[in-house]
Each structure stands twice: as structure tokens, then as C-alpha cells.
There are 4 protein chains.
Amino acid sequence: MKEKKFEWRTAISKVEPNKIIIRGYPLDEIIGKKSFGEVVYLLWMGKFPTKEEGKMINAILVSGCDHSLAAPSADATRFVASSGVPLQASVASGIIALGEYHGGSIEGCAKILQEGVKESEKQNKGLAQIADEIVQKHHLQKKRILGFGHPYHKSDPRTKKLSKLAEDLKLYKKHCKLVFEIEKSIENMLNKKIILNVDGVIAAITSDMGFPYKYGKGFYIVSRAAGLVAHAIEQEEREKPFKAIPLDQIIYDGPEEKTL
Amino acid sequence: MKEKKFEWRTAISKVEPNKIIIRGYPLDEIIGKKSFGEVVYLLWMGKFPTKEEGKMINAILVSGCDHSLAAPSADATRFVASSGVPLQASVASGIIALGEYHGGSIEGCAKILQEGVKESEKQNKGLAQIADEIVQKHHLQKKRILGFGHPYHKSDPRTKKLSKLAEDLKLYKKHCKLVFEIEKSIENMLNKKIILNVDGVIAAITSDMGFPYKYGKGFYIVSRAAGLVAHAIEQEEREKPFKAIPLDQIIYDGPEEKTL
Amino acid sequence: MKEKKFEWRTAISKVEPNKIIIRGYPLDEIIGKKSFGEVVYLLWMGKFPTKEEGKMINAILVSGCDHSLAAPSADATRFVASSGVPLQASVASGIIALGEYHGGSIEGCAKILQEGVKESEKQNKGLAQIADEIVQKHHLQKKRILGFGHPYHKSDPRTKKLSKLAEDLKLYKKHCKLVFEIEKSIENMLNKKIILNVDGVIAAITSDMGFPYKYGKGFYIVSRAAGLVAHAIEQEEREKPFKAIPLDQIIYDGPEEKTL
Amino acid sequence: MKEKKFEWRTAISKVEPNKIIIRGYPLDEIIGKKSFGEVVYLLWMGKFPTKEEGKMINAILVSGCDHSLAAPSADATRFVASSGVPLQASVASGIIALGEYHGGSIEGCAKILQEGVKESEKQNKGLAQIADEIVQKHHLQKKRILGFGHPYHKSDPRTKKLSKLAEDLKLYKKHCKLVFEIEKSIENMLNKKIILNVDGVIAAITSDMGFPYKYGKGFYIVSRAAGLVAHAIEQEEREKPFKAIPLDQIIYDGPEEKTL
């Protein structure tokens with residue numbers, strides 16, 4: 001379990017006195033020339049994106065930046081920010097909430113899509129057939145397909161915009177096709193409309209750009225961090241300290257009072 | 001201490017079925033039109049930046065994106081990532097480390113600069129005089145001036161590039177002038193060269209752009225989140241699980257072994 | 001700023017193959033012989049407590065174990081637990097909330113008391129006089145005295161019980177006397193009753209036991225961790241995933257909708 | 001996905017003005033009468049333990065209290081504590097590290113044991129046979145059996161002590177028997193000795209005491225929190241701020257330096 005040789009190594013960046021190298025590029029050469037979205041791509045993919053890919057990354061980061069208080073991450077951050085902690089600590093408590101049910105679908109959906117496309121290529125099957133198989137398999141196992149459905153949005157405005165942008169930027173490829181085939185299969189096979197959500201479309205586009213699925217949640221973490229900073233500071237600036245559920249709104253349904 | 005009326009309110013964003021509004025703007029209108037850096041500005045300042053300000057924000061976010069393993073945040077994230085936790089959890093553990101001694105100077109330095117510029121305007125004092133007063137006050141109280149000095153960089157490449165860019169973009173104003181006056185005052189009064197670091201120059205530029213000092217650490221949180229994602233995934237992909245200091249590298253200097 | 005010699009050293013515990021030493025004692029000798037509260041004392045103070053002190057530590061840990069949903073830490077943990085994250089991650093998000101306004105008074109009050117008692121000894125002043133000075137100083141600076149007042153409890157049941165126990169166990173000494181003198185001074189000088197809360201009495205008792213004030217928050221962290229585990233699991237077991245404030249309970253008071 | 005009716009309910013505790021009820025019992029009645037370990041049992045199981053069970057819980061909490069710097073959680077906490085953050089924040093960053101490979105085996109092993117004992121009862125199979133099946137299944141799937149093996153300890157001193165104590169306290173039942181049958185099966189079937197570690201024995205004993213497996217990690221969280229508090233404060237008291245891996249110990253193996 002333990003590392004045989006204990007060492008610290010990284011291929012991400014190098015620091016020397018008066019010099020910082022990111023994936024081979026001197027940081028001070030990049031500053032001012034590349035947008036933050038392009039540098040996120042550089043950090044994770046090890047090379048710079050094309051102009052189109054850079055635009056796409058920025059669009060994806062923009063799309064996840066905030067979702068008001070209708071998100072567990074923002075709600076957690078607001079409570080913690082009311083308790084008198086430094087900014088990074090309340091933001092971190094919200095970031096922890098970006099779990100399986102809250103942004104986690106990007107990773108999960110990207111995995112399904114990447115395996116689906118590989119399967120399609122290996123078995124020489126059409127994407128429509130692969131989509132049917134994915135829907136059927138999930139249906140039999142009574143599992144939700146990650147990246148589909150939304151508690152509030154029956155037609156997610158972010159989904160449409162991102163997929164349109166991917167098309168315009170010529171970044172709409174097999175994974176995007178597959179994800180929309182799955183949406184069709186759900187409607188045909190299960191006879192109900194479950195919309196592709198923003199997580200699902202990000203999963204498809206980033207897969208088409210070559211990101212391993214593990215990075216899926218990364219976009220959401222970086223993006224939502226910006227919104228959580230805004231929430232933490234708004235909480236501190238506008239509200240009283242120590243936000244807690246008021247006593248009269250808490251229902252206690254445990255054992256009756258008794259003595260030792 | 002407790003809020004009289006318990007309610008949830010925010011001026012950051014609004015969610016309705018099929019609609020998300022960020023500071024008044026429909027999110028799907030912004031996606032693809034604005035870079036992520038510009039939307040960070042929107043979220044925190046409540047309006048869109050000028051083109052120049054947008055470029056500056058992107059440059060600031062780029063400048064803080066990573067600092068190799070020579071940062072407590074990255075080191076913490078690497079240990080936690082080795083323990084088998086979801087990506088957002090290991091990144092969050094590193095974000096918590098962006099404390100007073102690790103990026104915290106942006107906030108602290110911005111506070112000094114914003115108070116200094118206000119003082120200069122109110123008292124009709126020159127910025128050079130204000131700078132002298134700041135240096136003297138810190139010297140008497142034996143306090144470090146936040147935003148100056150660096151353990152590795154005697155001439156921080158990020159500092160130069162960001163201040164040059166602020167000049168080129170016409171965003172170099174009173175707070176930038178003051179911070180460089182302070183650098184001069186330190187040299188003149190204390191007879192030693194303590195360089196303005198990247199935290200200090202970001203503090204100055206964002207103050208000139210009108211950000212309240214509290215947001216200072218926010219730039220660092222969003223920016224470094226990108227680097228920490230890369231570190232967490234690199235740890236998982238390239239290293240064995242359960243990274244811990246090896247027994248033979250731990251010096252125990254507590255009490256001798258004894259019995260109860 | 002950077003450590004000259006990079007090394008890992010600790011006086012807390014030592015691990016060798018097949019052996020673990022805690023502050024000098026073999027862990028397997030302690031297991032079964034000492035209560036957890038006594039071992040908390042050992043870890044932090046470097047020696048075992050007397051039987052009375054051990055009882056007191058257990059009582060203090062018990063007193064902070066939970067406060068229902070009327071605590072920001074529990075509320076944050078519940079939101080995060082609903083998002084699909086491992087147990088330790090949702091508990092950690094709640095622990096982060098144990099900030100300045102939520103348990104932080106133990107540390108702050110202990111500092112006041114420890115400085116007060118030192119002052120009393122050095123200046124040969126009575127504790128009543130010291131108490132008056134503390135109250136006056138806070139009053140002039142318009143600062144709340146940490147450890148006093150509670151949003152819900154006008155007479156905190158935990159306070160009475162803990163101070164009674166400290167008396168019975170002969171652990172009620174100068175810091176306890178001072179804290180109750182402060183309660184009296186508040187009533188006499190400010191003409192209002194602000195009760196000593198559970199944080200304040202813990203601050204006093206642990207100071208009388210010799211704990212540096214920094215450990216004050218530690219009792220709360222360990223104690224409340226137990227309650228937060230219960231909340232996280234209850235949330236997962238009894239509630240649906242993705243707890244978030246419902247749209248109709250969120251008041252948006254930001255700018256009107258507009259176009260780019 | 002979203003909760004139909006948004007409400008806050010809990011069966012853990014109730015707060016009224018001047019009164020706190022934990023699982024039915026007034027908190028001030030418990031303080032001083034019950035050890036913290038017994039109250040942990042109350043919080044999680046909803047009733048008080050027997051005297052023997054209370055002793056066992058305390059022993060389990062003691063056994064996990066610290067493991068020097070040879071643990072990712074302590075290492076993460078030390079880096080974060082060096083960055084200038086409040087105590088609860090650096091402890092939380094370490095708690096996040098109690099993941100799948102670091103204490104996570106308690107939960108995983110308890111699940112295996114609880115399913116195994118149920119299977120044994122339902123199918124009327126002996127525990128030795130169940131153990132063989134578990135070992136074989138893991139072997140075929142090339143999976144490690146959680147709760148067995150340790151990077152440092154070939155004979156874990158905590159394991160022996162806890163299992164002996166469980167026997168003495170008459171708490172050694174089917175799950176304990178099964179876990180030792182598994183140890184034997186590993187030796188017989190795989191022809192190698194992989195020792196039962198402290199996680200595995202805690203999994204067995206707490207299962208015999210009736211804890212659902214989900215609580216397994218809870219013991220570790222509460223217990224290790226005490227050690228992490230000690231590490232965070234020791235780091236702040238004895239070491240310089242900003243602990244980071246020194247430049248000369250970092251191996252960079254990324255792309256060669258190049259220009260844009």
C-alpha cells in the first residue's frame with residue numbers, strides 16, 4: 001500500500017527562483033495572452049487548446065458559475081459563512097458538496113459516453129444502437145442515466161446553448177451525437193421525455209474534446225467556486241452572524257423526553 | 001445573534017423553471033459571449049467589466065493557477081487525494097489552506113492600499129507620504145507588510161507582467177502607484193529590498209478596479225482550484241494510494257517510552 | 001518564511017512496526033484502561049489527567065455533542081450529506097463551521113480569562129476588580145464579551161451542570177471564579193443580565209485545568225463531530241438526495257432582468 | 001429528485017429555550033454521569049449502551065486516536081495548519097482524508113461481515129464456510145479484503161488488544177468469529193498470512209454491537225479528530241508558517257521549457 005520510494009514529483013509545473021513553468025510554458029509569457037479558460041485546458045490536458053476549444057472551455061465554465069440558493073453547495077456555504085470563518089473555508093465547505101448528486105453527473109455521464117463510443121468503434125455498431133443498449137441496461141437495473149433530468153428545468157437553457165455552440169465551433173462529434181441519441185432512445189423506449197441536462201451536455205462536449213472523464217467534475221469545481229465566493233461574501237455583508245434553522249421550524253420526531 | 005426573520009435572499013442570481021438569471025442577465029445569453037474571467041467580475045461586482053478589465057481579470061486568474069508542489073495547498077491536496085476520496089473533497093482540503101500565509105496577503109494588502117488611498121484623498125497627502133507612514137507604522141509594530149517578500153522569488157515574474165499589463169490596459173491607478181511607493185519606501189527607510197510579490201500587485205490592481213478587499217482571496221481560490229484539480233488527478237493516476245510520510249523520515253522527540 | 005531544514009518531527013506519537021506510542025505510552029496498554037476523554041487530555045497535555053480531571057473532560061465533551069438543527073454546522077452537514085459524498089466529507093464541511101461565532105467563544109473567552117488571572121497575580125489585584133476592568137474595556141470598545149449570552153437559552157442548562165461538577169470535583173479555581181465575577185460585573189455595571197453560556201464555562205474550567213486557550217475549540221471539534229456523524233447519516237437514511245432551498249422560498253432582490 | 005415538502009426534521013435531539021434533549025434524555029442529566037464514549041453510542045444508536053458496551057466504545061475511540069505523521073490525514077492537517085487558518089479548518093482538511101484507503105475499511109469490512117452473518121443465518125451455513133466463500137470471491141475478482149493487511153504492522157498491537165477486550169466484555173460474537181475465520185481462510189486458501197488490522201477488528205466488534213456498517217467510519221472520524229487537533233496546534237506552536245515541499249525535493253518530469 002505504501003509507496004516504496006517516497007518522492008515528490010509532478011509534470012504539471014516547475015518552480016525555480018524567479019521562474020514558474022506551467023506544462024512547459026513560462027507563466028509570465030502566458031499571462032495576458034491566454035484566457036483563464038485556455039489555461040485550465042493547458043493545466044489538465046498538457047497543451048494549449050485551439051481557439052475554438054478555448055472558447056468552448058470558457059463557455060462551459062460560465063455555464064456552471066451559479067444556480068442561486070437552489071443548490072446544496074451554496075446553502076452549505078451560506079451557513080458556514082455565517083459562522084465567522086475565512087472566505088476560503090466557507091467556499092471549501094460548499095465545494096465538498098459537489099458530490100454524486102450535485103454536479104457528479106458530468107463525470108458519470110462522460111464515462112458512459114466514452115465507453116459507448118469506444119464500444120461503437122470496436123464493435124462497429126451505430127451510435128443509435130449503442131444508445132438503445134445503454135437505455136435498456138439502465139432500465140433493467142432500475143438506474144437513472146446520469147446527465148438526464150432536472151428537478152427545476154424541463155428544458156435546460158444552458159444545454160441548448162452549449163450544444164449549439166459546440167456545433168458552431170465544430171466541436172460536436174461522436175460523444176455529442178451519442179448523448180442526443182440517448183435522449184431519443186429514452187423517449188422511444190421508455191415513452192417519456194427526460195431532458196438532457198447541463199451536466200450531460202458538458203460530459204458530451206468535453207469527451208469530444210478529449211478530456212478523460214475524471215476531469216468532468218473539475219469544470220464544475222472551478223466554475224462554481226466563483227459563485228460560492230459571491231455567496232459567502234453576500235452572506236457576511238448582508239446577513240447577521242450565526243444563521244441556523246429557527247427552533248420553530250425544526251420538527252423533532254425522536255423519543256419522548258425521559259430520565260436516565 | 002439569531003436572525004429574527006428566517007429567510008433566504010440573494011441578489012446574485014435567480015432560478016426559475018427553464019431560466020437562470022445572473023446579476024440580471026440570462027445565463028444562456030452570456031454563455032459563449034463572455035469569457036469566464038468576465039463572468040467572475042459580473043458575479044462579484046454586479047456588472048460586466050470593460051474589455052480591458054475583462055482581460056485583466058483573466059490575467060490575474062492565470063497568474064495564480066499553480067505553483068507546483070511548493071505550496072501547502074497542493075501538498076495537502078496530494079495527501080488527501082491519495083486516501084481515496086472524490087475529486088471535489090481533495091481539492092477542497094487544499095483550498096482550505098489558502099489562509100493568512102498562503103494567498104491571504106491579497107486581502108490584507110488590498111485593505112492597506114484602500115485605506116491608504118482614502119487617507120490620501122481625505123487628508124490631501126501625497127501617496128509617497130502615505131507609503132512612508134505605512135512602512136513606518138509596520139516597522140514600529142514589527143509587522144510584515146502584506147504583499148511584499150517571497151520565499152523563492154527575489155524578482156517575481158508574475159508581478160512584473162501583471163503590473164505592465166495594468167499599465168497597458170490603463171488600469172494602473174492610485175492603488176498601483178501606492179504599492180510601488182511602498183516598495184520604494186521599504187528600500188529607503190529600512191535600507192533593504194523586499195520585493196512586491198504577486199499577491200501585492202493583484203491587491204493593487206483589483207483595488208484600482210474597484211473590488212472591495214474581501215474579494216482579494218476570491219481570485220486566488222478560483223484560480224488555484226484549477227491547479228489543485230490537476231494535482232489531485234495526477235496523484236491518483238500516477239502514484240500509489242495512501243501517501244504518508246515514511247516511518248524513517250519522522251523524528252519523534254516526545255517523552256521516552258514508559259508504562260502506565 | 002520557508003523552513004530552513006525541511007523535516008517531519010512530532011512529540012505526539014511514534015509509530016514503529018507493531019508498536020504505537022502516544023506521548024510515551026504504548027497505545028495497546030491504554031486501550032481498555034482509559035476512557036476516550038482521558039486520552040484526549042493525554043494527547044493535548046502530554047500526560048494523563050487525574051481521575052477527577054478525566055471525569056471533567058468527559059463531561060465537557062458530552063456537553064457539546066449536539067444542538068439539533070439549531071446550529072450552522074449541523075445545517076451545513078445536512079445539505080452536503082444530501083449531495084452524495086462520503087461520511088467524512090459531510091462531517092468535515094460542518095466542522096469548518098465551528099468558527100468565531102459558533103463555538104469560537106471557548107478559545108476567545110479562555111484567552112480573556114487566562115490573561116485576567118495572570119494580570120491579577122502580577123498586579124496583586126482581586127478577581128472582582130479584574131472582572132470590572134474586563135467588562136468596562138469591552139463596553140468602551142463596544143465589543144461583546146465572548147462566552148456570554150445565547151440566542152436561545154436564557155439559563156443554559158449545560159452551564160449550571162458543568163460548573164457544579166467542577167466544584168464537586170475540586171476543579172473550580174481562579175478562572176472559574178473570574179468568569180462568574182464577570183457575569184456579576186455585567187449585571188452591576190451594564191444593568192442587564194447576560195448569562196454565562198456553555199462556551200464560557202468550558203473556557204473557565206479548561207483554563208483551571210491548565211489547557212492553553214488554543215485548545216478551547218478542540219473540545220468542541222471532537223465533541224460535535226459525534227453529533228455531525230449522526231446528522232449526516234440521518235440525512236442519508238431518511239431524506240431524499242439533493243436537499244436545496246425550494247425556488248419559492250428564495251427571494252431574489254438583485255437587478256431586474258435585462259439583455260446584454 | 002427534489003424534496004416535495006421542504007422541512008427540517010430530526011430524531012437526534014431537540015432544543016427548546018433552556019433545554020436540550022439528546023435521544024430523549026435531557027443533556028444536563030447526562031453530563032457528568034456518562035462518559036463521552038457512551039454518549040457517542042447514544043447519539044448513533046438511540047439508546048444508552050450497557051456498561052460493557054460503553055467500555056468497548058471508549059476502547060475503540062482510544063485505539064484510533066493517532067498514528068503519528070504516518071497518516072495522510074495528519075500530514076494534510078500539518079500543511080494546512082502552517083498556512084494560517086483557524087483550528088477547525090485545518091482539522092477538517094485532515095478529516096476529509098479519512099477516505100477509502102485511510103480508515104475506510106471499517107465501513108467496507110463491516111458490510112462484508114454483516115452480509116456474511118446474514119447469509120450464514122439465512123442459508124444455515126457455518127461461518128467457516130462463509131469465510132471461505134468471501135475469500136474465494138475476492139480472490140477471483142482480484143480484490144483486497146477490506147480490514148486485512150497493514151503497510152507497517154505485521155502484527156497490529158491494537159487488533160489483539162481490542163479483540164481480547166471484546167472477549168472479556170462478552171461482546172465477541174458472530175461477526176468477530178467470522179472475521180477471524182476469514183483470517184484463517186486467507187492463510188489456508190491463499191497460502192499467505194495477511195493479518196487482521198485495526199479497521200477489521202473494529203468492523204467486527206461494532207457489528208457485533210449492532211451498529212449499521214455506515215457508522216464504521218464515524219468512530220474513526222471522532223477518534224482521529226482528537227489527534228488532528230494535537231497535530232494542528234503542534235504545527236503552529238513549533239514550526240514556521242508556510243510549510244511546503246522545498247524546491248530541491250520536487251522532481252519535475254513534465255515537458256521541457258518552451259515558448260508560446
# chains A, B, ... in the order shown; residues from 1 in each chain; ligands from 1
>>> interface_residues(of="chain C", to="chain D", cutoff="7 Å", atoms="only C-alpha atoms", output="number ranges by chain")
C: 1-3, 12-15, 17-19, 27-28, 31-32, 35-37, 39-40, 43-44, 55, 58-59, 61-63, 67-68, 88-89, 92, 95-96, 98, 152-158, 161, 165, 218, 221-222, 225-227, 229-230, 240-243
>>> residues_around(residues="stretch 171-183 of chain B", least_positions_apart="2", cutoff="9 Å", atoms="only C-alpha atoms", output="ChimeraX atom specification")
/B:52-53,56,109-110,113-114,116-117,127-132,134-135,147-148,163-169,185-188,193-196,200-201,203-209
>>> write_last_selection(atoms="N, CA and C atoms", output="short mmCIF file (atom, residue, chain, number, x, y, z; two decimals), in the first residue's frame")
data_model
loop_
_atom_site.label_atom_id
_atom_site.label_comp_id
_atom_site.auth_asym_id
_atom_site.auth_seq_id
_atom_site.Cartn_x
_atom_site.Cartn_y
_atom_site.Cartn_z
N GLU B 52 -11.08 45.87 -21.30
CA GLU B 52 -9.76 45.91 -20.67
C GLU B 52 -9.79 45.23 -19.29
N GLU B 53 -10.81 45.56 -18.52
CA GLU B 53 -10.94 44.94 -17.20
C GLU B 53 -11.10 43.42 -17.33
N MET B 56 -7.83 41.90 -17.86
CA MET B 56 -7.04 41.96 -16.63
C MET B 56 -7.45 40.83 -15.68
N CYS B 109 -3.24 43.07 1.92
CA CYS B 109 -2.56 44.17 1.24
C CYS B 109 -3.59 45.13 0.62
N ALA B 110 -4.66 44.57 0.04
CA ALA B 110 -5.69 45.42 -0.56
C ALA B 110 -6.32 46.33 0.50
N LEU B 113 -3.95 49.17 1.13
CA LEU B 113 -3.93 50.10 0.00
C LEU B 113 -5.21 50.93 -0.07
N GLN B 114 -6.34 50.28 0.14
CA GLN B 114 -7.62 51.00 0.05
C GLN B 114 -7.74 52.04 1.16
N GLY B 116 -5.14 53.42 2.58
CA GLY B 116 -4.11 54.41 2.26
C GLY B 116 -4.60 55.42 1.24
N VAL B 117 -5.22 54.94 0.19
CA VAL B 117 -5.69 55.86 -0.85
C VAL B 117 -6.78 56.77 -0.30
N LEU B 127 0.85 60.21 -2.18
CA LEU B 127 0.94 58.77 -1.97
C LEU B 127 2.31 58.37 -1.42
N ALA B 128 3.35 59.12 -1.78
CA ALA B 128 4.69 58.80 -1.27
C ALA B 128 4.71 58.97 0.25
N GLN B 129 4.04 60.02 0.71
CA GLN B 129 3.99 60.25 2.16
C GLN B 129 3.19 59.15 2.86
N ILE B 130 2.06 58.81 2.25
CA ILE B 130 1.24 57.71 2.80
C ILE B 130 2.08 56.42 2.87
N ALA B 131 2.81 56.17 1.82
CA ALA B 131 3.65 54.96 1.78
C ALA B 131 4.65 54.97 2.93
N ASP B 132 5.32 56.10 3.14
CA ASP B 132 6.27 56.21 4.25
C ASP B 132 5.59 55.91 5.58
N ILE B 134 2.92 54.13 6.14
CA ILE B 134 2.58 52.70 6.23
C ILE B 134 3.82 51.88 6.62
N VAL B 135 4.92 52.16 5.97
CA VAL B 135 6.15 51.40 6.25
C VAL B 135 6.60 51.64 7.69
N GLY B 147 1.96 41.38 1.17
CA GLY B 147 2.12 41.61 -0.27
C GLY B 147 3.56 41.86 -0.68
N PHE B 148 4.46 41.78 0.30
CA PHE B 148 5.87 42.00 -0.01
C PHE B 148 6.72 40.82 0.45
N SER B 163 1.84 44.03 -13.62
CA SER B 163 1.83 45.50 -13.49
C SER B 163 2.03 46.15 -14.86
N LYS B 164 2.84 45.52 -15.70
CA LYS B 164 2.99 46.01 -17.09
C LYS B 164 1.64 45.96 -17.82
N LEU B 165 0.95 44.87 -17.64
CA LEU B 165 -0.35 44.71 -18.30
C LEU B 165 -1.35 45.75 -17.80
N ALA B 166 -1.35 46.00 -16.50
CA ALA B 166 -2.26 47.01 -15.94
C ALA B 166 -1.97 48.37 -16.56
N GLU B 167 -0.70 48.66 -16.74
CA GLU B 167 -0.34 49.93 -17.40
C GLU B 167 -0.87 49.96 -18.83
N ASP B 168 -0.58 48.91 -19.58
CA ASP B 168 -1.00 48.85 -20.99
C ASP B 168 -2.52 48.98 -21.12
N LEU B 169 -3.23 48.43 -20.18
CA LEU B 169 -4.70 48.44 -20.25
C LEU B 169 -5.30 49.67 -19.57
N SER B 185 9.62 52.97 -0.40
CA SER B 185 9.78 53.39 1.00
C SER B 185 10.51 52.33 1.82
N ILE B 186 10.16 51.06 1.56
CA ILE B 186 10.84 49.98 2.29
C ILE B 186 12.34 50.07 2.03
N GLU B 187 12.71 50.26 0.76
CA GLU B 187 14.13 50.32 0.42
C GLU B 187 14.81 51.53 1.06
N ASN B 188 14.13 52.68 0.97
CA ASN B 188 14.72 53.91 1.53
C ASN B 188 14.79 53.90 3.05
N LYS B 193 15.89 45.64 0.30
CA LYS B 193 14.98 45.43 -0.82
C LYS B 193 14.06 44.26 -0.49
N ILE B 194 12.79 44.56 -0.32
CA ILE B 194 11.80 43.48 -0.17
C ILE B 194 10.82 43.64 -1.32
N ILE B 195 10.84 42.68 -2.24
CA ILE B 195 10.10 42.89 -3.49
C ILE B 195 8.59 42.77 -3.29
N LEU B 196 7.90 43.54 -4.12
CA LEU B 196 6.45 43.39 -4.23
C LEU B 196 6.19 42.01 -4.82
N GLY B 200 0.71 41.11 -3.76
CA GLY B 200 0.66 42.56 -3.60
C GLY B 200 0.21 43.27 -4.86
N VAL B 201 0.71 42.82 -5.99
CA VAL B 201 0.33 43.50 -7.23
C VAL B 201 -1.13 43.20 -7.58
N ALA B 203 -3.43 42.70 -5.36
CA ALA B 203 -4.16 43.56 -4.42
C ALA B 203 -4.30 44.97 -4.99
N ALA B 204 -3.23 45.48 -5.54
CA ALA B 204 -3.24 46.86 -6.06
C ALA B 204 -4.14 46.98 -7.28
N ILE B 205 -3.98 46.07 -8.22
CA ILE B 205 -4.74 46.17 -9.47
C ILE B 205 -6.23 45.98 -9.21
N THR B 206 -6.59 44.97 -8.41
CA THR B 206 -8.03 44.76 -8.16
C THR B 206 -8.61 45.91 -7.36
N SER B 207 -7.81 46.53 -6.51
CA SER B 207 -8.29 47.72 -5.80
C SER B 207 -8.54 48.86 -6.80
N ASP B 208 -7.63 49.01 -7.73
CA ASP B 208 -7.84 50.03 -8.76
C ASP B 208 -9.07 49.74 -9.61
N MET B 209 -9.43 48.48 -9.74
CA MET B 209 -10.63 48.12 -10.50
C MET B 209 -11.90 48.23 -9.65
#
>>> atom_distance(atom1="atom CA of A:Pro49", atom2="atom CA of B:Lys47")
28.6 Å
>>> atom_distance(atom1="atom CA of C:Glu119", atom2="atom CA of C:Ile202")
20.6 Å
>>> select_by_dssp(residues="stretch 3-53 of chain A", states="alpha helix (DSSP H)", output="mmCIF file with C-alpha atoms, in the first residue's frame")
data_model
loop_
_atom_site.group_PDB
_atom_site.id
_atom_site.type_symbol
_atom_site.label_atom_id
_atom_site.label_comp_id
_atom_site.auth_asym_id
_atom_site.auth_seq_id
_atom_site.Cartn_x
_atom_site.Cartn_y
_atom_site.Cartn_z
ATOM 1 C CA LEU A 27 3.844 31.557 -16.676
ATOM 2 C CA ASP A 28 4.750 35.173 -17.338
ATOM 3 C CA GLU A 29 4.579 34.556 -21.088
ATOM 4 C CA ILE A 30 1.063 33.221 -20.761
ATOM 5 C CA PHE A 36 -8.181 31.602 -17.856
ATOM 6 C CA GLY A 37 -10.306 29.001 -19.655
ATOM 7 C CA GLU A 38 -7.432 28.262 -22.025
ATOM 8 C CA VAL A 39 -5.054 27.831 -19.100
ATOM 9 C CA VAL A 40 -7.456 25.428 -17.400
ATOM 10 C CA TYR A 41 -7.207 23.352 -20.589
ATOM 11 C CA LEU A 42 -3.406 23.634 -20.505
ATOM 12 C CA LEU A 43 -3.218 22.518 -16.862
ATOM 13 C CA TRP A 44 -5.403 19.480 -17.398
ATOM 14 C CA MET A 45 -4.517 18.434 -20.957
ATOM 15 C CA LYS A 51 -9.058 28.944 -30.402
ATOM 16 C CA GLU A 52 -12.376 27.134 -30.747
ATOM 17 C CA GLU A 53 -11.658 24.774 -27.880
#
